[in-house]
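Quick notes on the structure that follows.
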Amino acid sequence: MIEVTLDRVSKQFGGAKGVENVDIRIKPGEFFTFLGPSGCGKTTTLRMIAGFYYPSDGRILFGDRDVTNMPPNKRNTGMVFQNYALFPHMTVFENIAFGLQVRKKSKAEIRDKVTRAQKLVHLDGYGDRRIDQLSGGQQQRVALARALVIEPNILLLDEPLSNLDAKLREETRQEIKRLQLELGITTIYVTHDQSEAMSMSDRIMVMKDGVVQQIGTPHDIYNRPVNQFVASFIGESNLWEGTVEQAGGDEIRVRLTPDLVLTGLAVNASPECRLAAGQKVTLSVRPEAIHEAGAAEQGGENAITAKVVLSEFTGVSMNYIAQTGPLAVKAMFVGQGHRMRERDETIRFIVPRESIYFVG
Amino acid sequence: MNKPQLTPPPVRQTGRWTSITTSPNFVYVLIAPLFLILLAYVIYPFFQTFLQSVKLDGALSLKNYAKFFSLEHTSNLEALWTSVYISVLSVLTCGIVGVAMAFLLERYEFPGRKLLSVLVLVPMALPPLIGVLSFEFLYGSSGIIPRGLQHLLHLEKPPFTLKGIWGVLVVHTFTMYTYFYMTASSAIKGLDPSLEEAAANLGAGRLTIWRRVILPMLTPAIVAASLLVFMISMASYTAPLIFGIERTMTMQIYLSRTNGDLDMAATQSTLLSIVSILFLILMRWYQSARNYQNMSKGVSVHRTEVKSKAGQYVSMVLSFLGVLILMLPILVIVLLAFSEDGKWTTQVLPPSYTLDHFKDLFTDSKTWRPIANSFKMSIAATIGNLIFGVAAAYAIVRMNFKGKTLLDILIMLPWALPGTVVAVNLITAFSEPNVFSFGQVLIGSFWILPLAYFVRHLPLIFRSTSSTLMQTDRSVEEAARNLGASWWYTFRRVVFPMALSGILAGTLLALVEGIGEFVASILLYTNRTTPVSVEIFQRMYAFEFGTACAYGVLQIVMIILVLYVSRKLTGGNAGSAI
């Protein structure tokens with residue numbers, strides 16, 4: 001277990017910027033995820049930690065050792081590549097043993113460790129197979145075993161699940177998390193899949209265009225997104241623009257349309273957001289937080305009457321897109337024993353005041 | 001690794017050496033030797049030849065060029081003209097034969113197709129000198145076929161003989177149509193039949209489909225092959241030599257050199273090089289535009305079956321003739337290898353046969369010497385090619401540096417230069433001691449021929465290695481580095497084994513090409529280091545046909561073996577090595 005620090009790291013490629021001013025401290029044993037759309041700089045950051053790129057600016061520390069310009073083979077990190085990068089001319093056993101041979105371990109020790117690693121990823125008995133005789137999921141596990149067997153300081157995973165089909169992805173995801181917890185190894189995970197990131201990580205760094213947007217626990221990122229990008233990238237969200245009518249107290253009143261005013265709580269505001277009367281503001285409301293208005297609540301606080309544009313039944317939930325004036329409302333009802341509304345029917349929603357988050 | 005570690009293994013120390021190797025400029029330290037070798041053995045000799053051509057008595061002058069283009073002594077201009085028109089005609093005949101063969105074999109199913117499609121590449125197995133000689137034996141003025149016909153039909157003279165420019169053209173067609181055949185047949189294989197179906201579905205007739213769909217899609221392949229054949233015809237030396245056409249550029253260079261007019265030889269070489277280099281540039285430029293190949297999967301070429309009885313009969317006869325024509329050159333060499341020296345005079349076929357030539361090849365020290373020489377010199381050259389080719393391929397495919405395109409072009413340059421020119425360049429550069437020859441006079445020494453082979457076959461291993469490297473994934477190397485392997489360890493354990501098939505294929509090819517090399521050898525050899533090909537030439541002139549052909553059979557067997565092995569190694573992707 002080791003701490004990883006990126007001290008104001010930047011990387012430019014020629015004139016183009018790769019990543020800008022990444023400043024993070026990853027705790028020993030933490031499962032840390034870089035999340036963002038393609039081209040956001042997450043893989044570049046990971047490759048700087050692995051040593052395949054050197055930062056243009058800033059420092060990288062493993063523990064308190066500066067590794068900024070250390071070549072990749074001296075860093076003792078274990079990396080799982082997106083396409084696995086297994087050695088096609090070697091067997092499963094030879095692939096896993098490669099890192100140990102580099103470290104000049106004895107034959108007996110190598111045999112022992114490789115066998116244990118194969119067990120760990122449920123590939124016992126596959127040692128003599130050639131790589132092209134394995135399925136995608138098995139190749140994935142060889143890559144994982146190869147990275148773990150060298151007892152790396154840090155495990156680096158570069159979109160390891162993106163080449164697997166949906167069912168296998170779920171299984172492998174849980175498998176990786178189980179191994180990480182068992183071994184207690186500091187892990188950095190790169191993905192563009194927000195549900196992967198949410199379910200596995202201790203903390204997530206959301207990136208866009210080479211710039212860090214937010215760092216926080218999955219809970220923070222989901223419930224308290226710092227800006228519109230994070231709110232829309234992580235899960236579904238209603239993003240409504242309005243004007244602050246009344247601020248100062250615990251409650252904030254915002255006018256969205258001439259005849260719709262919502263009330264939220266002042267504590268649910270992003271640090272980037274200034275709440276003062278007359279100020280433009282964006283509200284984020286998760287669809288599943290919205291519920292149908294009961295008979296008593298109609299016309300009360302934060303009630304919206306809207307016309308259904310689209311309704312879909314997914315099995316788990318009922319999803320609506322409804323329209324009220326210029327405003328589109330996305331809502332999701334899970335197991336509420338609710339009657340399915342058809343297109344053009346009228347539906348009444350309540351937006352609970354504690355579910356409103358001001359993203360600025 | 002099952003238990004969480006309490007104390008992590010320390011991250012390894014970085015030394016001063018690694019801080020040098022991680023510098024972004026370190027790559028230039030690695031590629032500098034490559035450029036140095038090219039400078040010493042390609043550019044410098046080339047430049048020396050150029051200098052000699054523009055210098056007269058120590059002063060700059062264009063007199064040599066004036067002489068070349070003068071209208072009083074037109075032999076040089078005639079030679080240039082003959083070379084060009086032989087080359088143009090060769091492109092036409094090779095194109096017609098090659099493309100027609102490709103279409104017949106790829107699009108029609110007829111009796112004998114399978115055999116023919118294997119034998120169609122036979123001309124590639126003929127070493128240049130042996131190929132020309134076999135034609136002389138078969139169709140020449142005292143050739144087997146003309147004499148046989150004369151005998152059979154009781155004529156006064158042979159009905160036809162192959163000689164002069166026609167001889168050169170026929171030999172060029174036979175040996176070079178394969179370039180058209182290979183590019184055209186791979187283009188036809190790449191044609192998606194659904195494109196023709198789509199055109200038909202849109203209402204196009206058979207002719208329109210040909211004109212608007214098939215031919216345009218084949219154009220890139222045909223143009224590329226035309227440029228290649230033109231270049232090789234311009235460089236052709238053996239065919240004019242054997243058929244006695246003195247007025248070609250290569251022959252003129254040879255004659256100037258043997259007459260001791262080195263200034264003129266340099267001038268002619270420079271001009272021929274300029275033509276070749278222009279064509280190389282044209283080809284490279286054109287290659288960027290040549291990709292019409294379909295990426296659709298699972299399509300197979302649909303072969304039209306020849307169904308009618310008459311059609312089947314005709315096609316059977318024609319394929320039999322085709323097989324015969326393709327096999328005859330090899331058969332005649334094999335036959336003559338068993339004939340007794342000096343006994344074959346006016347008969348149709350050699351009258352008496354013996355196994356002695358093959359025994360002598362390996363037992364008589366006089367006949368064994370050239371084989372040993374060729375092996376020694378070719379192995380020396382190939383070791384150099386191997387190291388240079390693999391390093392250059394790795395640098396070009398995997399590294400980023402300024403001057404990459406330049407390196408690429410410089411490596412391909414010797415391939416475009418005619419062998420005669422390479423020899424003249426080496427003569428001008430290394431008949432005096434200099435830095436690049438380590439203060440030695442190389443002309444007349446053992447090392448001049450290996451050097452010539454090295455330069456001529458520079459691109460072979462480079463090309464086959466870089467094409468296998470391009471197919472391997474770069475992240476595999478990164479994975480090895482990540483697991484702690486140093487750059488050198490990664491190269492040894494990962495890069496080299498993965499590229500091994502390509503490296504081996506190229507190495508074997510360079511080796512046999514070196515053993516069969518004739519064009520540069522004839523200008524550079526010394527009596528102590530006569531190579532096989534020159535020995536064949538000399539035996540021919542001493543009327544020892546049997547021994548000459550026994551050498552030829554040995555060469556053919558080796559080439560066929562190498563072609564077979566490299567096909568196995570590269571999975572049928574033999575084009576990568578050519």
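Within each chain, counting starts at residue 1; across the structure tokens, chains are named A, B, ... in the order shown, with ligands numbered 1 upward in that order.
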- Do a neighbour search on Thr178 in chain B at 12 Å with only C-alpha atoms, toss out local chain neighbours closer than 6 positions, and write the hits as JSON, numbers by chain. {"B": [91, 93, 94, 95, 96, 97, 98, 99, 100, 101, 102, 117, 119, 120, 121, 122, 123, 124, 125, 172, 184, 185, 186, 222, 225, 226, 228, 229, 326, 575, 578]}
- Query: Using only C-alpha atoms, which residues sit within 6 Å of range 384-396 of chain B once same-chain residues fewer than 4 positions away are excluded, as a ChimeraX atom specification?
  - Reply: /B:454,458,461-462,466
Export of the given selection (all heavy atoms) as a PDB file, in the first residue's frame:
```pdb
ATOM      1  N   PHE B 454      25.191  -5.997 -49.417  1.00  0.00           N
ATOM      2  CA  PHE B 454      24.572  -5.305 -48.282  1.00  0.00           C
ATOM      3  C   PHE B 454      23.750  -4.117 -48.775  1.00  0.00           C
ATOM      4  O   PHE B 454      22.592  -3.937 -48.411  1.00  0.00           O
ATOM      5  CB  PHE B 454      25.662  -4.840 -47.304  1.00  0.00           C
ATOM      6  CG  PHE B 454      25.157  -3.922 -46.217  1.00  0.00           C
ATOM      7  CD1 PHE B 454      24.476  -4.430 -45.122  1.00  0.00           C
ATOM      8  CD2 PHE B 454      25.364  -2.554 -46.286  1.00  0.00           C
ATOM      9  CE1 PHE B 454      24.007  -3.588 -44.131  1.00  0.00           C
ATOM     10  CE2 PHE B 454      24.905  -1.709 -45.297  1.00  0.00           C
ATOM     11  CZ  PHE B 454      24.217  -2.232 -44.219  1.00  0.00           C
ATOM     12  N   LEU B 458      19.570  -3.921 -48.850  1.00  0.00           N
ATOM     13  CA  LEU B 458      19.241  -3.140 -47.655  1.00  0.00           C
ATOM     14  C   LEU B 458      17.743  -3.158 -47.327  1.00  0.00           C
ATOM     15  O   LEU B 458      17.369  -3.337 -46.177  1.00  0.00           O
ATOM     16  CB  LEU B 458      19.712  -1.697 -47.901  1.00  0.00           C
ATOM     17  CG  LEU B 458      20.132  -0.846 -46.723  1.00  0.00           C
ATOM     18  CD1 LEU B 458      21.142  -1.554 -45.873  1.00  0.00           C
ATOM     19  CD2 LEU B 458      20.721   0.459 -47.237  1.00  0.00           C
ATOM     20  N   ILE B 461      15.219  -6.977 -45.484  1.00  0.00           N
ATOM     21  CA  ILE B 461      14.896  -7.320 -44.096  1.00  0.00           C
ATOM     22  C   ILE B 461      14.138  -6.177 -43.436  1.00  0.00           C
ATOM     23  O   ILE B 461      13.218  -6.391 -42.653  1.00  0.00           O
ATOM     24  CB  ILE B 461      16.186  -7.674 -43.320  1.00  0.00           C
ATOM     25  CG1 ILE B 461      16.838  -8.889 -43.972  1.00  0.00           C
ATOM     26  CG2 ILE B 461      15.889  -7.951 -41.865  1.00  0.00           C
ATOM     27  CD1 ILE B 461      18.134  -9.307 -43.344  1.00  0.00           C
ATOM     28  N   PHE B 462      14.498  -4.967 -43.822  1.00  0.00           N
ATOM     29  CA  PHE B 462      13.788  -3.804 -43.292  1.00  0.00           C
ATOM     30  C   PHE B 462      12.287  -3.892 -43.593  1.00  0.00           C
ATOM     31  O   PHE B 462      11.456  -3.712 -42.713  1.00  0.00           O
ATOM     32  CB  PHE B 462      14.393  -2.528 -43.889  1.00  0.00           C
ATOM     33  CG  PHE B 462      13.546  -1.318 -43.686  1.00  0.00           C
ATOM     34  CD1 PHE B 462      13.506  -0.702 -42.454  1.00  0.00           C
ATOM     35  CD2 PHE B 462      12.796  -0.795 -44.721  1.00  0.00           C
ATOM     36  CE1 PHE B 462      12.724   0.419 -42.257  1.00  0.00           C
ATOM     37  CE2 PHE B 462      12.005   0.322 -44.535  1.00  0.00           C
ATOM     38  CZ  PHE B 462      11.966   0.926 -43.309  1.00  0.00           C
ATOM     39  N   SER B 466       9.450  -4.514 -40.791  1.00  0.00           N
ATOM     40  CA  SER B 466       8.547  -3.428 -40.424  1.00  0.00           C
ATOM     41  C   SER B 466       7.099  -3.818 -40.684  1.00  0.00           C
ATOM     42  O   SER B 466       6.227  -3.392 -39.942  1.00  0.00           O
ATOM     43  CB  SER B 466       8.922  -2.126 -41.123  1.00  0.00           C
ATOM     44  OG  SER B 466       8.876  -2.283 -42.501  1.00  0.00           O
TER      45      SER B 466
END
```
- Task: Take CA of Ser195 in chain A and CA of Arg286 in chain A and report the distance between them in Å, one decimal.
- Result: 15.3 Å
- Enumerate as a ChimeraX atom specification all residues of range 239-433 of chain B assigned to helix (DSSP H, G or I) by DSSP on the backbone, naming them with the chain letters and numbers the document uses. /B:239-243,249-258,262-287,309-337,356-363,365-398,404-416,419-430
Output as a Markdown table one row per residue of chain A within 8 Å of chain B: the closest atom pair and its distance in Å to one decimal place, counting only C-alpha atoms, sorted by chain and residue number ascending.
```
| residue | atom | partner | partner_atom | distance |
| --- | --- | --- | --- | --- |
| A:Met1 | CA | B:Pro8 | CA | 6.0 |
| A:Ile2 | CA | B:Pro8 | CA | 6.9 |
| A:Ala50 | CA | B:Asn482 | CA | 7.0 |
| A:Phe52 | CA | B:Glu478 | CA | 7.6 |
| A:Arg65 | CA | B:Val11 | CA | 8.0 |
| A:Asn69 | CA | B:Thr22 | CA | 7.6 |
| A:Met70 | CA | B:Thr14 | CA | 6.5 |
| A:Pro71 | CA | B:Thr22 | CA | 6.7 |
| A:Pro72 | CA | B:Asn482 | CA | 5.5 |
| A:Asn73 | CA | B:Gly484 | CA | 3.8 |
| A:Lys74 | CA | B:Arg12 | CA | 5.5 |
| A:Arg75 | CA | B:Val11 | CA | 5.8 |
| A:Asn76 | CA | B:Val11 | CA | 6.5 |
| A:Thr77 | CA | B:Asn482 | CA | 6.4 |
| A:Gly78 | CA | B:Asn482 | CA | 6.5 |
| A:Met79 | CA | B:Asn482 | CA | 6.6 |
| A:Val80 | CA | B:Ala479 | CA | 8.0 |
| A:Phe81 | CA | B:Ser475 | CA | 7.4 |
| A:Ala85 | CA | B:Val476 | CA | 4.4 |
| A:Leu86 | CA | B:Val476 | CA | 6.2 |
| A:Phe87 | CA | B:Val476 | CA | 6.3 |
| A:Pro88 | CA | B:Met498 | CA | 7.6 |
| A:His89 | CA | B:Met498 | CA | 6.5 |
| A:Phe98 | CA | B:Leu483 | CA | 7.5 |
| A:Gly99 | CA | B:Leu483 | CA | 4.8 |
| A:Val102 | CA | B:Ala485 | CA | 5.7 |
| A:Arg103 | CA | B:Gly484 | CA | 7.3 |
| A:Lys113 | CA | B:Met1 | CA | 8.0 |
| A:Ala147 | CA | B:Leu483 | CA | 7.2 |
| A:Leu148 | CA | B:Met1 | CA | 7.6 |
| A:Val149 | CA | B:Met1 | CA | 6.8 |
| A:Ile150 | CA | B:Leu483 | CA | 7.4 |
| A:Glu151 | CA | B:Met1 | CA | 5.9 |
| A:Asn153 | CA | B:Pro8 | CA | 6.2 |
| A:Glu182 | CA | B:Pro4 | CA | 7.2 |
| A:Leu183 | CA | B:Pro4 | CA | 4.6 |
| A:Gly184 | CA | B:Pro4 | CA | 5.3 |
| A:Ile185 | CA | B:Pro4 | CA | 6.9 |
```
- Got a sec: who's within 12 Å of Ala293 in chain A, counting only C-alpha atoms, leaving out chain neighbours fewer than 3 positions off, as number ranges by chain? A: 290, 296-306, 333, 336, 338, 346-352
- Could you tell me, as a ChimeraX atom specification, which residues of range 17-240 of chain A DSSP assigns to strand (DSSP E or B) when given the backbone? /A:17-26,31-35,57-62,65-66,77-80,91,130,154-158,186-191,203-208,211-216,238-240
- Query: Do you know which residues are at most 9 Å from Arg173 in chain A counting only C-alpha atoms, after dropping those on the same chain fewer than 5 positions away, and could you put them as a list in words?
  - Reply: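 Listed by chain and then number, they are Leu161, Leu168, Arg178, Glu196, Ser199 and Met200 of chain A.
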- With a distance cut-off of 9 Å and only C-alpha atoms, select the neighbouring residues of Leu407 in chain B, excluding the residue or stretch itself and same-chain residues fewer than 2 positions from it, and output the selection as JSON, numbers by chain. {"B": [34, 35, 38, 392, 396, 403, 404, 405, 409, 410, 411, 412]}
Go ahead and write the residues just picked, all heavy atoms, as a CSV table (one decimal), in the first residue's frame.
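Printed below is out_27.csv as written:
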```csv
chain,number,residue,atom,x,y,z
B,34,LEU,N,22.4,4.5,-37.8
B,34,LEU,CA,21.7,4.1,-39.1
B,34,LEU,C,22.0,5.1,-40.2
B,34,LEU,O,22.2,4.8,-41.3
B,34,LEU,CB,20.2,4.1,-38.8
B,34,LEU,CG,19.7,3.0,-37.8
B,34,LEU,CD1,18.2,3.1,-37.6
B,34,LEU,CD2,20.1,1.6,-38.2
B,35,PHE,N,21.9,6.4,-39.8
B,35,PHE,CA,22.1,7.4,-40.8
B,35,PHE,C,23.6,7.4,-41.2
B,35,PHE,O,23.9,7.6,-42.4
B,35,PHE,CB,21.8,8.8,-40.2
B,35,PHE,CG,20.3,9.2,-40.3
B,35,PHE,CD1,19.5,9.1,-39.3
B,35,PHE,CD2,19.8,9.5,-41.6
B,35,PHE,CE1,18.1,9.4,-39.4
B,35,PHE,CE2,18.5,9.8,-41.8
B,35,PHE,CZ,17.6,9.8,-40.7
B,38,LEU,N,24.0,4.7,-43.8
B,38,LEU,CA,23.5,5.1,-45.1
B,38,LEU,C,24.3,6.2,-45.8
B,38,LEU,O,24.6,6.2,-47.0
B,38,LEU,CB,22.1,5.7,-44.9
B,38,LEU,CG,21.0,4.6,-44.6
B,38,LEU,CD1,19.7,5.2,-44.1
B,38,LEU,CD2,20.8,3.7,-45.8
B,392,ALA,N,16.5,-0.5,-38.1
B,392,ALA,CA,15.8,0.6,-38.8
B,392,ALA,C,14.3,0.4,-38.8
B,392,ALA,O,13.5,1.4,-38.6
B,392,ALA,CB,16.3,0.6,-40.3
B,396,ILE,N,11.7,3.1,-37.3
B,396,ILE,CA,10.6,3.7,-38.1
B,396,ILE,C,9.2,3.4,-37.6
B,396,ILE,O,8.4,4.3,-37.6
B,396,ILE,CB,10.8,3.3,-39.6
B,396,ILE,CG1,12.1,3.8,-40.2
B,396,ILE,CG2,9.6,3.7,-40.4
B,396,ILE,CD1,12.0,4.6,-41.4
B,403,GLY,N,13.2,13.4,-39.3
B,403,GLY,CA,14.0,12.8,-40.4
B,403,GLY,C,13.5,11.4,-40.6
B,403,GLY,O,14.2,10.6,-41.3
B,404,LYS,N,12.3,11.0,-40.1
B,404,LYS,CA,11.8,9.6,-40.3
B,404,LYS,C,11.6,9.3,-41.8
B,404,LYS,O,12.0,8.3,-42.3
B,404,LYS,CB,10.5,9.5,-39.5
B,404,LYS,CG,10.2,8.2,-39.1
B,404,LYS,CD,9.1,8.3,-38.1
B,404,LYS,CE,8.4,7.0,-37.9
B,404,LYS,NZ,7.5,7.0,-36.8
B,405,THR,N,10.9,10.2,-42.5
B,405,THR,CA,10.7,10.0,-43.9
B,405,THR,C,12.0,9.9,-44.7
B,405,THR,O,12.1,9.1,-45.6
B,405,THR,CB,9.8,11.2,-44.5
B,405,THR,OG1,9.0,11.7,-43.4
B,405,THR,CG2,9.0,10.8,-45.6
B,409,ILE,N,13.1,6.9,-47.1
B,409,ILE,CA,13.5,7.0,-48.5
B,409,ILE,C,14.9,6.5,-48.7
B,409,ILE,O,15.1,5.8,-49.7
B,409,ILE,CB,13.3,8.5,-48.9
B,409,ILE,CG1,11.8,8.8,-49.0
B,409,ILE,CG2,13.9,8.7,-50.3
B,409,ILE,CD1,11.4,10.2,-49.3
B,410,LEU,N,15.8,6.9,-47.8
B,410,LEU,CA,17.2,6.5,-48.0
B,410,LEU,C,17.4,5.0,-48.1
B,410,LEU,O,18.2,4.4,-48.8
B,410,LEU,CB,18.1,7.1,-46.9
B,410,LEU,CG,18.4,8.6,-47.1
B,410,LEU,CD1,19.3,9.1,-46.0
B,410,LEU,CD2,19.0,8.9,-48.4
B,411,ILE,N,16.6,4.3,-47.2
B,411,ILE,CA,16.7,2.8,-47.2
B,411,ILE,C,16.1,2.2,-48.5
B,411,ILE,O,16.7,1.3,-49.0
B,411,ILE,CB,15.9,2.3,-46.0
B,411,ILE,CG1,16.6,2.7,-44.7
B,411,ILE,CG2,15.9,0.7,-46.1
B,411,ILE,CD1,15.9,2.3,-43.5
B,412,MET,N,15.1,2.8,-49.0
B,412,MET,CA,14.5,2.3,-50.3
B,412,MET,C,15.3,2.6,-51.5
B,412,MET,O,15.2,2.0,-52.5
B,412,MET,CB,13.1,2.8,-50.5
B,412,MET,CG,12.1,2.3,-49.4
B,412,MET,SD,12.2,0.5,-49.1
B,412,MET,CE,11.4,-0.1,-50.7
```
Please identify all polymer residues within 9 Å of Glu513 in chain B, counting only C-alpha atoms, omitting same-chain residues fewer than 2 positions from it, and present them as a JSON list (two decimals) with all heavy atoms, in the first residue's frame.
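File written: part-v2.json
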```
[["chain", "number", "residue", "atom", "x", "y", "z"],
["B", 127, "PRO", "N", 16.81, -17.42, -60.83],
["B", 127, "PRO", "CA", 17.79, -16.36, -60.63],
["B", 127, "PRO", "C", 17.95, -15.63, -61.96],
["B", 127, "PRO", "O", 17.84, -16.27, -63.01],
["B", 127, "PRO", "CB", 19.07, -17.10, -60.28],
["B", 127, "PRO", "CG", 18.69, -18.51, -60.05],
["B", 127, "PRO", "CD", 17.39, -18.75, -60.70],
["B", 378, "SER", "N", 27.70, -13.73, -48.99],
["B", 378, "SER", "CA", 26.29, -13.43, -48.77],
["B", 378, "SER", "C", 25.95, -13.46, -47.28],
["B", 378, "SER", "O", 25.17, -12.65, -46.80],
["B", 378, "SER", "CB", 25.42, -14.42, -49.53],
["B", 378, "SER", "OG", 24.08, -14.04, -49.43],
["B", 453, "TYR", "N", 26.40, -6.41, -51.85],
["B", 453, "TYR", "CA", 25.19, -7.16, -51.52],
["B", 453, "TYR", "C", 24.43, -6.47, -50.39],
["B", 453, "TYR", "O", 23.21, -6.38, -50.41],
["B", 453, "TYR", "CB", 25.53, -8.60, -51.09],
["B", 453, "TYR", "CG", 26.24, -9.43, -52.14],
["B", 453, "TYR", "CD1", 26.88, -10.62, -51.79],
["B", 453, "TYR", "CD2", 26.26, -9.05, -53.48],
["B", 453, "TYR", "CE1", 27.52, -11.39, -52.74],
["B", 453, "TYR", "CE2", 26.91, -9.80, -54.44],
["B", 453, "TYR", "CZ", 27.54, -10.97, -54.07],
["B", 453, "TYR", "OH", 28.18, -11.73, -55.01],
["B", 457, "HIS", "N", 20.63, -5.14, -50.98],
["B", 457, "HIS", "CA", 19.54, -5.83, -50.29],
["B", 457, "HIS", "C", 19.15, -5.17, -48.99],
["B", 457, "HIS", "O", 18.46, -5.76, -48.16],
["B", 457, "HIS", "CB", 19.90, -7.31, -50.10],
["B", 457, "HIS", "CG", 20.25, -7.98, -51.39],
["B", 457, "HIS", "ND1", 21.26, -8.90, -51.53],
["B", 457, "HIS", "CD2", 19.74, -7.82, -52.64],
["B", 457, "HIS", "CE1", 21.35, -9.29, -52.79],
["B", 457, "HIS", "NE2", 20.44, -8.64, -53.48],
["B", 508, "LEU", "N", 16.26, -14.84, -44.97],
["B", 508, "LEU", "CA", 16.46, -15.92, -45.94],
["B", 508, "LEU", "C", 16.46, -15.38, -47.36],
["B", 508, "LEU", "O", 17.30, -15.75, -48.18],
["B", 508, "LEU", "CB", 15.34, -16.96, -45.79],
["B", 508, "LEU", "CG", 15.44, -17.85, -44.56],
["B", 508, "LEU", "CD1", 14.21, -18.72, -44.43],
["B", 508, "LEU", "CD2", 16.69, -18.72, -44.68],
["B", 509, "LEU", "N", 15.55, -14.45, -47.61],
["B", 509, "LEU", "CA", 15.48, -13.88, -48.95],
["B", 509, "LEU", "C", 16.76, -13.13, -49.29],
["B", 509, "LEU", "O", 17.33, -13.30, -50.37],
["B", 509, "LEU", "CB", 14.28, -12.93, -49.03],
["B", 509, "LEU", "CG", 13.84, -12.57, -50.43],
["B", 509, "LEU", "CD1", 13.31, -13.80, -51.13],
["B", 509, "LEU", "CD2", 12.78, -11.49, -50.40],
["B", 510, "ALA", "N", 17.24, -12.32, -48.34],
["B", 510, "ALA", "CA", 18.48, -11.57, -48.57],
["B", 510, "ALA", "C", 19.63, -12.54, -48.83],
["B", 510, "ALA", "O", 20.49, -12.30, -49.67],
["B", 510, "ALA", "CB", 18.79, -10.68, -47.38],
["B", 511, "LEU", "N", 19.62, -13.66, -48.10],
["B", 511, "LEU", "CA", 20.70, -14.63, -48.25],
["B", 511, "LEU", "C", 20.71, -15.23, -49.66],
["B", 511, "LEU", "O", 21.76, -15.24, -50.32],
["B", 511, "LEU", "CB", 20.53, -15.74, -47.20],
["B", 511, "LEU", "CG", 21.72, -16.67, -47.05],
["B", 511, "LEU", "CD1", 22.89, -15.95, -46.43],
["B", 511, "LEU", "CD2", 21.34, -17.87, -46.20],
["B", 515, "ILE", "N", 23.38, -14.81, -52.81],
["B", 515, "ILE", "CA", 24.07, -15.93, -53.45],
["B", 515, "ILE", "C", 23.89, -15.89, -54.96],
["B", 515, "ILE", "O", 24.77, -16.27, -55.72],
["B", 515, "ILE", "CB", 23.59, -17.26, -52.85],
["B", 515, "ILE", "CG1", 24.11, -17.38, -51.42],
["B", 515, "ILE", "CG2", 24.05, -18.45, -53.67],
["B", 515, "ILE", "CD1", 23.51, -18.50, -50.62],
["B", 516, "GLY", "N", 22.71, -15.38, -55.42],
["B", 516, "GLY", "CA", 22.46, -15.35, -56.85],
["B", 516, "GLY", "C", 22.86, -14.06, -57.53],
["B", 516, "GLY", "O", 22.78, -13.95, -58.75],
["B", 517, "GLU", "N", 23.30, -13.05, -56.78],
["B", 517, "GLU", "CA", 23.55, -11.72, -57.33],
["B", 517, "GLU", "C", 24.57, -11.78, -58.48],
["B", 517, "GLU", "O", 25.61, -12.40, -58.37],
["B", 517, "GLU", "CB", 24.06, -10.78, -56.24],
["B", 517, "GLU", "CG", 23.66, -9.34, -56.39],
["B", 517, "GLU", "CD", 24.39, -8.59, -57.48],
["B", 517, "GLU", "OE1", 25.52, -8.98, -57.86],
["B", 517, "GLU", "OE2", 23.84, -7.60, -57.98],
["B", 559, "ILE", "N", 16.20, -21.17, -53.87],
["B", 559, "ILE", "CA", 15.17, -20.12, -53.94],
["B", 559, "ILE", "C", 13.79, -20.69, -53.65],
["B", 559, "ILE", "O", 13.01, -20.13, -52.88],
["B", 559, "ILE", "CB", 15.19, -19.42, -55.31],
["B", 559, "ILE", "CG1", 16.49, -18.64, -55.46],
["B", 559, "ILE", "CG2", 14.00, -18.49, -55.45],
["B", 559, "ILE", "CD1", 16.63, -17.94, -56.78]]
```
- Contact residues around Phe34 in chain A with only C-alpha atoms at 8 Å, ignoring same-chain residues under 4 positions, as a list in words: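 Listing them by chain and then by number gives Lys42, Ile188, Tyr189, Val190, Thr191, Ile204, Met205, Val206 and Met207 of chain A.
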- Message: Which residue is closest to Gln180 in chain A? Choose from A:Leu144, A:Ala166, A:Val285, A:Ala295 and count only C-alpha atoms.
- Response: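 Closest residue, counting only C-alpha atoms: A:Leu144.
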- Quick one: distance from CA of Tyr254 in chain B to CA of Val88 in chain B in Å, one decimal? 22.2 Å
